[in-house]
Every structure is written in structure tokens, then in C-alpha cells.
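Chemist: One structure, as C-alpha cells, below. Some questions next.
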Amino acid sequence: MYLKSIRFLFTPYRTSPSKIFCRCQHVQTQDLVVERVYRQLKLGEYETRLIRNFCIIAHIDHGKSTLADRLLEITGTIPKSKENRQVLDKLEVERERGITVKAAAASMFYEYKNEKYLLNLIDTPGHVDFSTEVARSLSACQGAILLVDASQGIQAQTVANFLLACDSFLEVLAVINKIDLKDAKINKTLEQITKEFGIPNENILKISAKHGTNCTSILDQIIEKLPPPVCDRQQNLRLLVFDSYYESCPIVIVAVMDGVIRPGDKIQSKLTTKTYTVLETGIFAPERMRAEALYAGQVGYVICDTKISDTVVGDTWHHLGIDVKSLTSFKIPRPMVFAGFYPIDESNYNQFEQSIERLSLNDTGVRVQTDSNPAFGKGFRLGFLGLLHMEIYSQRLQSEFGQQIITTIPGVAYKCKIIGKDNIKQHGSDLLLISDSMKWPDTNIIQQCYEPMVLGQIVSPTICSLPLKILCTERRGVLIEEYSIDEKRTLFKYKLPLAEIVYDFFDQLKQITSGYGTFDYEDSDYEAANIVKLKILINQESIDELAVLCHSARAKAIGQDIVSKLRENIDRQQYKITIQACVHSHVLAREIIQPYKKDVGAKLYGGDKTRLMKLLKRQEEGKERMRQIANIEVPRQAIISVLKRNKS
């Protein structure tokens with residue numbers, strides 16, 4: 001089925017090393033290397049046939065960034081050094097976690113058969129939450145290196161990224177990495193790639209990116225097997241905007257599809273019709289370096305007099321006054337997970353808002369909506385592509401912008417269909433999309449509720465199949481397909497409610513499979529479900545900000561967890577405090593905080609027992625009157641303990 005979608009590389013790779021073009025490997029600093037290269041080269045000298053745009057795609061931790069480091073060293077773009085680790089992973093969070101979060105571009109110059117080539121490399125993330133980064137990167141490329149770990153073989157995200165390459169009609173160069181490991185299963189991995197993707201064994205490269213073994217042959221194959229970009233420098237300018245970030249000013253990353261762009265040009269957005277003046281053009285090598293122009297077929301950056309909110313990923317830019325046909329835009333990712341973000345100190349809201357705005361420029365998968373909470377004050381309700389996406393965004397806010405934030409428990413967006421002409425007019429539609437429990441309509445006007453579903457793909461050791469199926473069944477999953485990849489591993493395809501996997505599903509999967517299981521998913525459609533609003537009552541008073549939207553089957557467990565946390569965080573009073581979790585009028589969970597009691601019988605030294613009973617009854621009546629007139633003030637810390645996500 002895949003052979004119809006993609007052209008494979010069926011000729012054996014070259015084993016002889018090629019002559020390296022750049023003569024600056026001896027220079028000790030990267031800046032000098034880049035400076036000397038640019039003294040010798042002009043981008044206009046590179047015809048379209050001498051350009052290759054490619055990306056590296058793989059499952060998480062299969063060695064994409066390490067391979068990128070080796071290719072940069074071989075081409076002399078950076079000096080050879082043992083300290084070259086994750087050179088293209090520039091974010092602090094990427095280096096701390098050891099994963100790629102943002103796709104990064106780098107231009108390399110390489111001499112092959114007495115001709116100088118310009119190779120534009122894009123390193124992509126491997127985690128499913130950042131699949132939109134991969135999709136955008138593929139749009140600027142004509143080929144892809146599919147990297148597979150020799151010790152782990154094909155994993156869930158390997159298949160997902162391969163299918164993305166198929167959809168983009170890219171040439172795929174299959175490469176097996178980490179052949180130096182003691183537990184490397186090279187022959188078995190070759191069989192898996194041939195069986196799953198239909199690529200012959202003789203066309204699969206075997207390398208060790210860590211030690212640089214056979215990495216030069218990859219560059220040879222890139223030039224021989226990957227096609228040059230199809231474009232025309234004589235045509236009118238068309239730029240594809242596929243990323244942006246903020247660094248003292250908005251920097252827009254573009255792929256030049258046709259024409260030439262130079263500083264001083266007047267350009268216009270096809271989508272917004274706004275006009276800009278080009279202030280600077282250049283490429284990444286791997287740091288930003290100015291160039292006199294960018295030509296069709298090249299990938300680089302453009303700095304214009306734009307505002308932060310002006311850049312739209314997937315937009316087409318062209319010269320002012322010259323109308324062109326729009327390039328294919330990207331599919332706007334649908335947020336899957338929603339959470340509230342609030343500053344700890346409400347007085348820092350303006351700075352917090354500016355940080356959210358700037359970070360969202362670099363992360364187009366985030367949906368931002370202003371929000372207000374009685375407990376936390378003003379903030380934002382953000383939509384993310386997954387739980388890891390949310391964690392990375394939160395960590396970047398803290399590390400890059402110095403923001404101290406409160407993050408609420410993640411949830412999903414449900415749909416509900418309402419009835420009644422007046423109700424539909426009031427809400428603006430008969431089908432509502434709601435992620436905030438405080439905006440949930442009255443139960444009496446809801447005709448049907450729907451919850452988001454996902455199609456999950458799990459690769460697990462065969463020995464763990466039974467507990468894995470139990471886990472998926474507990475999460476209301478439906479098994480769609482199951483088949484063996486080899487004698488020790490099985491692939492499962494499940495349809496699961498998003499709400500059941502968004503919080504701790506992956507952690508439990510790792511625990512069941514001893515860390516060997518991998519999970520990948522894509523959003524499916526909405527399905528009818530019994531969604532309820534779980535209310536929290538304290539002495540019969542509803543606490544709106546603690547209400548939760550969930551499936552009826554999970555309401556009791558969630559309610560018990562909330563009331564238990566409240567009991568631990570609310571101080572005892574002179575009267576009894578009853579905490580309840582209710583759906584409609586049904587109480588699903590209850591906790592009671594007993595009052596302080598004075599020993600009214602301390603002064604009694606004998607006599608009839610009725611005297612003690614009389615005093616106790618009078619005390620109870622007094623506490624009942626106190627409970628009726630008292631207003632219970634739920635401490636802010638108690639609400640935070642319930643809403644704040646537990647990082648453990």
C-alpha cells in the first residue's frame with residue numbers, strides 16, 4: 001500500500017568517502033568557521049540542481065540530533081569536538097530533557113564529484129505531541145532520512161512519521177543507527193523495515209551517528225538519490241512561512257518556492273494582505289548568518305517590520321503589487337488538551353500576558369484564550385496537542401521568561417447539543433464546544449453529549465499483551481487491530497477516549513511494559529458519551545471553580561479524590577463541615593470535617609446523666625445555628641491543591 005505513495009531508493013549506497021569541501025575544520029570556534037565559509041560563497045552561485053532540502057525523521061531517542069551533529073561536523077559547518085551534543089537543540093528545555101521540541105534548520109556546504117552543493121537540513125522532533133513540527137518541516141523538503149534504532153527497531157512514531165513522508169510524496173532514505181551497541185539487532189531491524197515499509201535490505205544504510213561510522217555515505221546518498229527542489233527563480237516571488245520565533249524581534253523562517261527575495265524588498269501577506277519591508281535575509285549555519293538574498297529552492301529566515309501577531313504559519317508571502325497563487329497551507333492542528341495558566345502574583349499579569357504572546361509565536365500548536373478564575377484571578381486557558389506539549393510549554397515559560405505560574409489539571413473539550421430556540425439563540429448554536437466546566441449549560445437543555453476520541457497505536461513486548469489489554473479496557477478502549485511485528489513484539493491499534501489517556505495513561509503503559517512500550521495517537525472524531533458535570537458542595541454550597549466535566553463511569557473516583565484533598569486542606573471550625581461530590585442530586589463521595597468541641601461536662605462532678613445530655617444538646621443546637629449563619633471561606637491553597645496539576 002505504501003509503494004503507491006512514495007518512491008523508494010533501490011540502488012546500493014556508496015561506501016567511498018567523499019572529499020569535504022570546507023577547509024576550516026581546524027578552526028577552534030564556530031563563528032570563525034562560519035565567517036570563512038561565507039567569505040568564499042554566495043548563495044546565488046548555487047543553481048537549483050545543486051540544492052538538496054531534507055529532514056531527519058524518527059521515533060523519539062533514535063538519534064536524530066546526534067546524526068545532525070555528525071553531518072554538520074563532516075561538512076565543516078561546525079568544528080569537530082566531543083562537546084558537540086545536540087547542536088541544533090538550542091532551547092534549554094531540549095537540553096535538559098534530551099529531546100527535540102522545535103524543528104531546527106541548518107545549511108551545509110559539501111563538495112561531491114567536483115561540484116559544490118548546498119544541503120539544507122531540518123532536524124525534527126520525535127514525540128507525537130510535536131507531529132505538527134514534523135509536518136511543517138516536510139513541506140519545505142524533497143527528501144527524508146528515516147532513522148531507526150538498531151536496538152529498538154521500528155516503533156510507533158517511526159510508522160507515523162513514515163506515513164507523513166508518504167503523504168508528502170518525499171524520497172525516503174532508510175538508515176539504521178546505533179549499530180555499535182552491544183544489543184544491536186541489525187538483521188532483525190533490516191527485516192522489520194523491509195516487511196513494514198517495503199525497502200530492500202541492500203538500500204538501507206547502517207551507521208553509528210555517535211562515532212560517525214558510515215555517516216559520510218549518507219551525504220553521498222542525499223546528493224545522488226534525493227531530488228532537487230522544483231522551483232523557478234525567474235518566476236514571481238512566493239515564500240512559504242513555516243515557522244517563526246521571537247529574538248529581540250520576530251524572525252520568520254521561510255522556504256523560497258519561486259523567485260528571489262532581497263533586503264529592501266516590499267512584500268505582502270497573501271492571507272492578511274498586510275505589507276512589510278524586508279530588513280534582513282539569511283540562513284542558519286547553524287546560527288543566523290546574513291546573506292545578500294535568498295533564492296528559489298533555499299530555506300532561510302527573513303526579518304521584516306512585522307508585529308508579533310502578524311506571522312501566520314502556512315501563509316504565502318509575495319512581492320507587493322504582484323498577485324500570485326497561494327501555496328498549500330498547513331492543516332491547523334486541533335488542540336487536544338486544555339489547562340488554565342495563571343500567574344502566582346496577579347500584579348505581574350501584564351508581563352505574563354506578554355510572555356504568553358511571545359512564546360505562542362514560536363509554538364503555533366497552542367490555542368490561547370483569556371480566562372478568569374475566582375481563586376486565581378486573570379489568566380489564560382490554553383489548548384495543547386498533548387500532555388508533553390503542555391509540560392514543555394509550562395517549562396519554557398518558567399525558564400525562558402522567568403514566569404512563576406499555576407497550572408490547573410488538564411482536561412479535554414466536549415461537545416454538547418442543546419434544545420430550545422431561546423437556548424440556542426442565547427448560546428449562538430445548537431452544538432457547543434466546551435472545555436471549561438463553569439460554562440457547561442444546564443442539564444435540562446442538553447440533548448446529547450460527545451467526547452473526543454483518538455486512534456492509538458501501541459508497540460509492546462508480546463509478553464505484556466494481557467496487562468496492556470486490561471489497561472486499555474479499563475480506559476474504555478476498543479481493540480481495532482492486533483498483529484505481530486516479530487516474535488517478541490506486537491502492535492495494537494485501539495480507539496480510546498482522549499480524556500482517558502491525557503493524564504497518566506502513558507506512565508502506566510511504561511510501567512506495564514517495563515519501559516519498552518511505545519504509544520502514538522492521532523485524533524479521531526467525536527462520539528456520543530454520557531458526560532456529566534461533577535459538582536463540589538461544601539455545606540450544601542456549590543463551589544463552581546471546583547466543578548469537573550467527566551464521563552459518568554469516572555465521576556465517583558474523581559469525586560472521591562477531590563473531596564479527600566479538600567478535607568486535608570480545609571481547617572476545622574467550631575461547626576461541622578460536610579464536603580460532597582454530586583452529579584445532579586446524587587452524592588457520589590462525602591467527607592466530613594468534625595468541629596472543635598468544648599468539654600461542657602468538665603464541671604459536672606456527679607448527679608443525673610440527663611444534666612450532661614442537656615448540656616450536649618444545647619451545644620449541638622448552638623453549633624447548628626452557627627453553621628446556618630456562617631460563611632465558609634475555602635482557603636485559596638485548598639482550591640490550588642485540587643486544581644493544580646500534581647507533578648509527581
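Ligands are numbered from 1 in the order shown, chains are lettered A, B, ... in the order of the C-alpha cells, and residues start at 1 in each chain.
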Mind checking which residues fall within 8 Å of A:Ile592, counting only C-alpha atoms, ignoring those fewer than 3 positions away in the same chain, and posting them as a list in words?
Modeler: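 These residues fall inside the cut-off: Arg567, Lys576, Ile577, Thr578 and Ile579 of chain A.
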Chemist: Please produce a file of those selected residues containing C-alpha atoms, as a PDB file, in the first residue's frame.
Modeler:
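And here is the file that came out, part-v2.pdb:
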ATOM      1  CA  ARG A 567     -10.581  17.595  53.674  1.00  0.00           C
ATOM      2  CA  LYS A 576     -19.240  20.523  61.232  1.00  0.00           C
ATOM      3  CA  ILE A 577     -18.189  20.916  57.578  1.00  0.00           C
ATOM      4  CA  THR A 578     -19.619  18.489  55.030  1.00  0.00           C
ATOM      5  CA  ILE A 579     -17.847  18.143  51.679  1.00  0.00           C
TER       6      ILE A 579
END
Chemist: Step one, run DSSP on the backbone; step two, keep only residues of stretch 30-268 of chain A assigned to strand (DSSP E or B); then write them as a PyMOL selection string.
Modeler: chain A and resi 51-58+104-112+115-123+143-149+171-177+205-206+208+213+232+238-246+250-258+260-261+266-268
Chemist: Can you tell me how far atom CA of A:His62 sits from atom CA of A:Asp149, in Å to one decimal?
Modeler: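 So the answer is 5.1 Å.
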Chemist: DSSP on the backbone: what in stretch 273-513 of chain A comes out alpha helix (DSSP H), as an NGL selection string?
Modeler: :A and (349-361 or 387-401 or 421-427 or 465-474 or 498-501 or 505-512)
Chemist: Generate the output file for the selected residues, C-alpha atoms, as a JSON list (two decimals), in the first residue's frame.
Modeler:
[["chain", "number", "residue", "atom", "x", "y", "z"],
["A", 349, "TYR", "CA", -0.31, 39.83, 34.77],
["A", 350, "ASN", "CA", 0.82, 42.27, 32.04],
["A", 351, "GLN", "CA", 4.30, 40.74, 31.90],
["A", 352, "PHE", "CA", 2.73, 37.28, 32.00],
["A", 353, "GLU", "CA", 0.47, 38.16, 29.05],
["A", 354, "GLN", "CA", 3.43, 39.42, 27.01],
["A", 355, "SER", "CA", 5.36, 36.20, 27.72],
["A", 356, "ILE", "CA", 2.41, 34.07, 26.57],
["A", 357, "GLU", "CA", 2.16, 36.12, 23.37],
["A", 358, "ARG", "CA", 5.85, 35.82, 22.50],
["A", 359, "LEU", "CA", 6.10, 32.12, 23.30],
["A", 360, "SER", "CA", 2.95, 31.33, 21.30],
["A", 361, "LEU", "CA", 4.59, 32.94, 18.25],
["A", 387, "LEU", "CA", 0.34, 16.41, 27.79],
["A", 388, "LEU", "CA", 4.07, 16.59, 26.97],
["A", 389, "HIS", "CA", 3.36, 19.64, 24.81],
["A", 390, "MET", "CA", 1.74, 21.26, 27.85],
["A", 391, "GLU", "CA", 4.67, 20.37, 30.13],
["A", 392, "ILE", "CA", 7.22, 21.76, 27.66],
["A", 393, "TYR", "CA", 5.26, 24.99, 27.22],
["A", 394, "SER", "CA", 5.00, 25.44, 31.00],
["A", 395, "GLN", "CA", 8.71, 24.78, 31.46],
["A", 396, "ARG", "CA", 9.64, 27.25, 28.70],
["A", 397, "LEU", "CA", 7.50, 29.93, 30.31],
["A", 398, "GLN", "CA", 9.46, 29.49, 33.52],
["A", 399, "SER", "CA", 12.98, 29.02, 32.12],
["A", 400, "GLU", "CA", 12.93, 31.46, 29.16],
["A", 401, "PHE", "CA", 10.66, 34.18, 30.54],
["A", 421, "LYS", "CA", -34.98, 28.03, 20.43],
["A", 422, "ASP", "CA", -34.27, 30.54, 23.19],
["A", 423, "ASN", "CA", -31.35, 28.47, 24.49],
["A", 424, "ILE", "CA", -29.86, 28.09, 21.00],
["A", 425, "LYS", "CA", -30.22, 31.83, 20.42],
["A", 426, "GLN", "CA", -28.57, 32.59, 23.76],
["A", 427, "HIS", "CA", -25.55, 30.31, 23.10],
["A", 465, "SER", "CA", -0.09, -8.17, 25.90],
["A", 466, "LEU", "CA", -2.55, -9.27, 28.62],
["A", 467, "PRO", "CA", -1.94, -6.48, 31.18],
["A", 468, "LEU", "CA", -1.84, -3.98, 28.30],
["A", 469, "LYS", "CA", -5.28, -5.09, 27.12],
["A", 470, "ILE", "CA", -6.60, -4.84, 30.68],
["A", 471, "LEU", "CA", -5.29, -1.27, 30.92],
["A", 472, "CYS", "CA", -6.90, -0.25, 27.63],
["A", 473, "THR", "CA", -10.20, -1.91, 28.60],
["A", 474, "GLU", "CA", -10.22, -0.03, 31.92],
["A", 498, "LEU", "CA", -8.90, 11.27, 24.79],
["A", 499, "ALA", "CA", -9.88, 12.05, 28.37],
["A", 500, "GLU", "CA", -8.69, 8.59, 29.46],
["A", 501, "ILE", "CA", -5.16, 8.93, 28.08],
["A", 505, "PHE", "CA", -2.04, 6.58, 30.58],
["A", 506, "PHE", "CA", 1.47, 6.75, 29.13],
["A", 507, "ASP", "CA", 3.06, 6.42, 32.60],
["A", 508, "GLN", "CA", 1.06, 3.26, 33.31],
["A", 509, "LEU", "CA", 1.89, 1.90, 29.86],
["A", 510, "LYS", "CA", 5.61, 2.35, 30.56],
["A", 511, "GLN", "CA", 5.21, 0.67, 33.94],
["A", 512, "ILE", "CA", 3.38, -2.34, 32.49]]
Chemist: Just the residues within 7 Å of stretch 130-143 of chain A, please, counting only C-alpha atoms, with nothing from its chain fewer than 6 positions along; format it as a list in words.
Modeler: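 So, after excluding close chain neighbours, the residues are Asn53, Phe54, Cys55, Val101, Lys102, Ala103, Ile122, Thr124, Leu164, Ser168, Leu170, Glu171, Val172, Leu226, Pro227, Pro228, Pro229, Phe242 and Ala255 of chain A.
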Chemist: Next, the residues of the selection above should be written as a compact mmCIF listing (two decimals), in the first residue's frame with N, CA and C atoms.
Modeler:
# COMPACT_ATOMS: atom_id res chain seq x y z
N ASN A 53 17.11 19.76 -0.09
CA ASN A 53 16.38 20.06 1.15
C ASN A 53 15.86 18.75 1.72
N PHE A 54 16.30 18.42 2.91
CA PHE A 54 15.90 17.14 3.51
C PHE A 54 15.73 17.30 5.02
N CYS A 55 15.02 16.36 5.61
CA CYS A 55 14.83 16.36 7.06
C CYS A 55 15.15 14.97 7.61
N VAL A 101 12.28 19.48 20.61
CA VAL A 101 10.95 20.05 20.74
C VAL A 101 10.59 20.87 19.50
N LYS A 102 11.55 21.67 19.02
CA LYS A 102 11.33 22.51 17.85
C LYS A 102 12.16 22.01 16.68
N ALA A 103 11.55 22.01 15.50
CA ALA A 103 12.31 21.71 14.29
C ALA A 103 13.34 22.81 14.07
N ILE A 122 16.88 19.84 8.09
CA ILE A 122 15.90 20.19 9.12
C ILE A 122 15.78 19.02 10.08
N THR A 124 13.96 17.26 13.14
CA THR A 124 12.57 17.30 13.59
C THR A 124 12.40 16.59 14.93
N LEU A 164 3.64 10.22 7.25
CA LEU A 164 3.68 11.65 6.92
C LEU A 164 4.54 11.90 5.68
N SER A 168 3.45 13.36 1.87
CA SER A 168 4.13 14.50 1.24
C SER A 168 4.90 14.10 -0.02
N LEU A 170 7.64 12.28 -0.48
CA LEU A 170 9.07 12.52 -0.35
C LEU A 170 9.86 11.26 -0.67
N GLU A 171 11.06 11.46 -1.18
CA GLU A 171 12.01 10.35 -1.29
C GLU A 171 12.47 9.99 0.13
N VAL A 172 12.51 8.72 0.44
CA VAL A 172 12.89 8.29 1.78
C VAL A 172 14.17 7.48 1.72
N LEU A 226 18.27 11.90 -3.49
CA LEU A 226 17.20 12.85 -3.19
C LEU A 226 17.12 13.89 -4.30
N PRO A 227 15.93 14.24 -4.74
CA PRO A 227 15.78 15.19 -5.86
C PRO A 227 16.00 16.63 -5.43
N PRO A 228 16.40 17.50 -6.34
CA PRO A 228 16.49 18.93 -6.03
C PRO A 228 15.09 19.53 -5.98
N PRO A 229 14.94 20.71 -5.39
CA PRO A 229 13.61 21.35 -5.34
C PRO A 229 13.12 21.72 -6.74
N PHE A 242 6.89 28.78 7.34
CA PHE A 242 6.63 27.54 8.06
C PHE A 242 7.08 27.55 9.52
N ALA A 255 10.61 29.08 3.32
CA ALA A 255 11.13 28.31 2.19
C ALA A 255 10.79 29.09 0.93
Chemist: For A:Glu83, which of A:Glu481, A:Asp69, A:Asp561, A:Asp436 is the closest residue, counting only C-alpha atoms?
Modeler: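 The shortest atom-to-atom distance to A:Glu83 comes from A:Asp69.
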Chemist: Could you check which of A:Gln404, A:Leu616, A:Gln540, A:Lys195 is closest to A:Val587, using only C-alpha atoms?
Modeler: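 Using only C-alpha atoms, the shortest distance to A:Val587 belongs to A:Gln540.
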Chemist: What does the distance between atom CA of A:Ser564 and atom CA of A:Arg476 come to in Å, to one decimal place?
Modeler: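 Spanning atom CA of A:Ser564 to atom CA of A:Arg476 is a straight-line distance of 25.3 Å.
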Chemist: Taking only C-alpha atoms into account, which of A:Ile463, A:Leu88, A:Ile434, A:Val324 comes nearest A:Ala285?
Modeler: A:Leu88
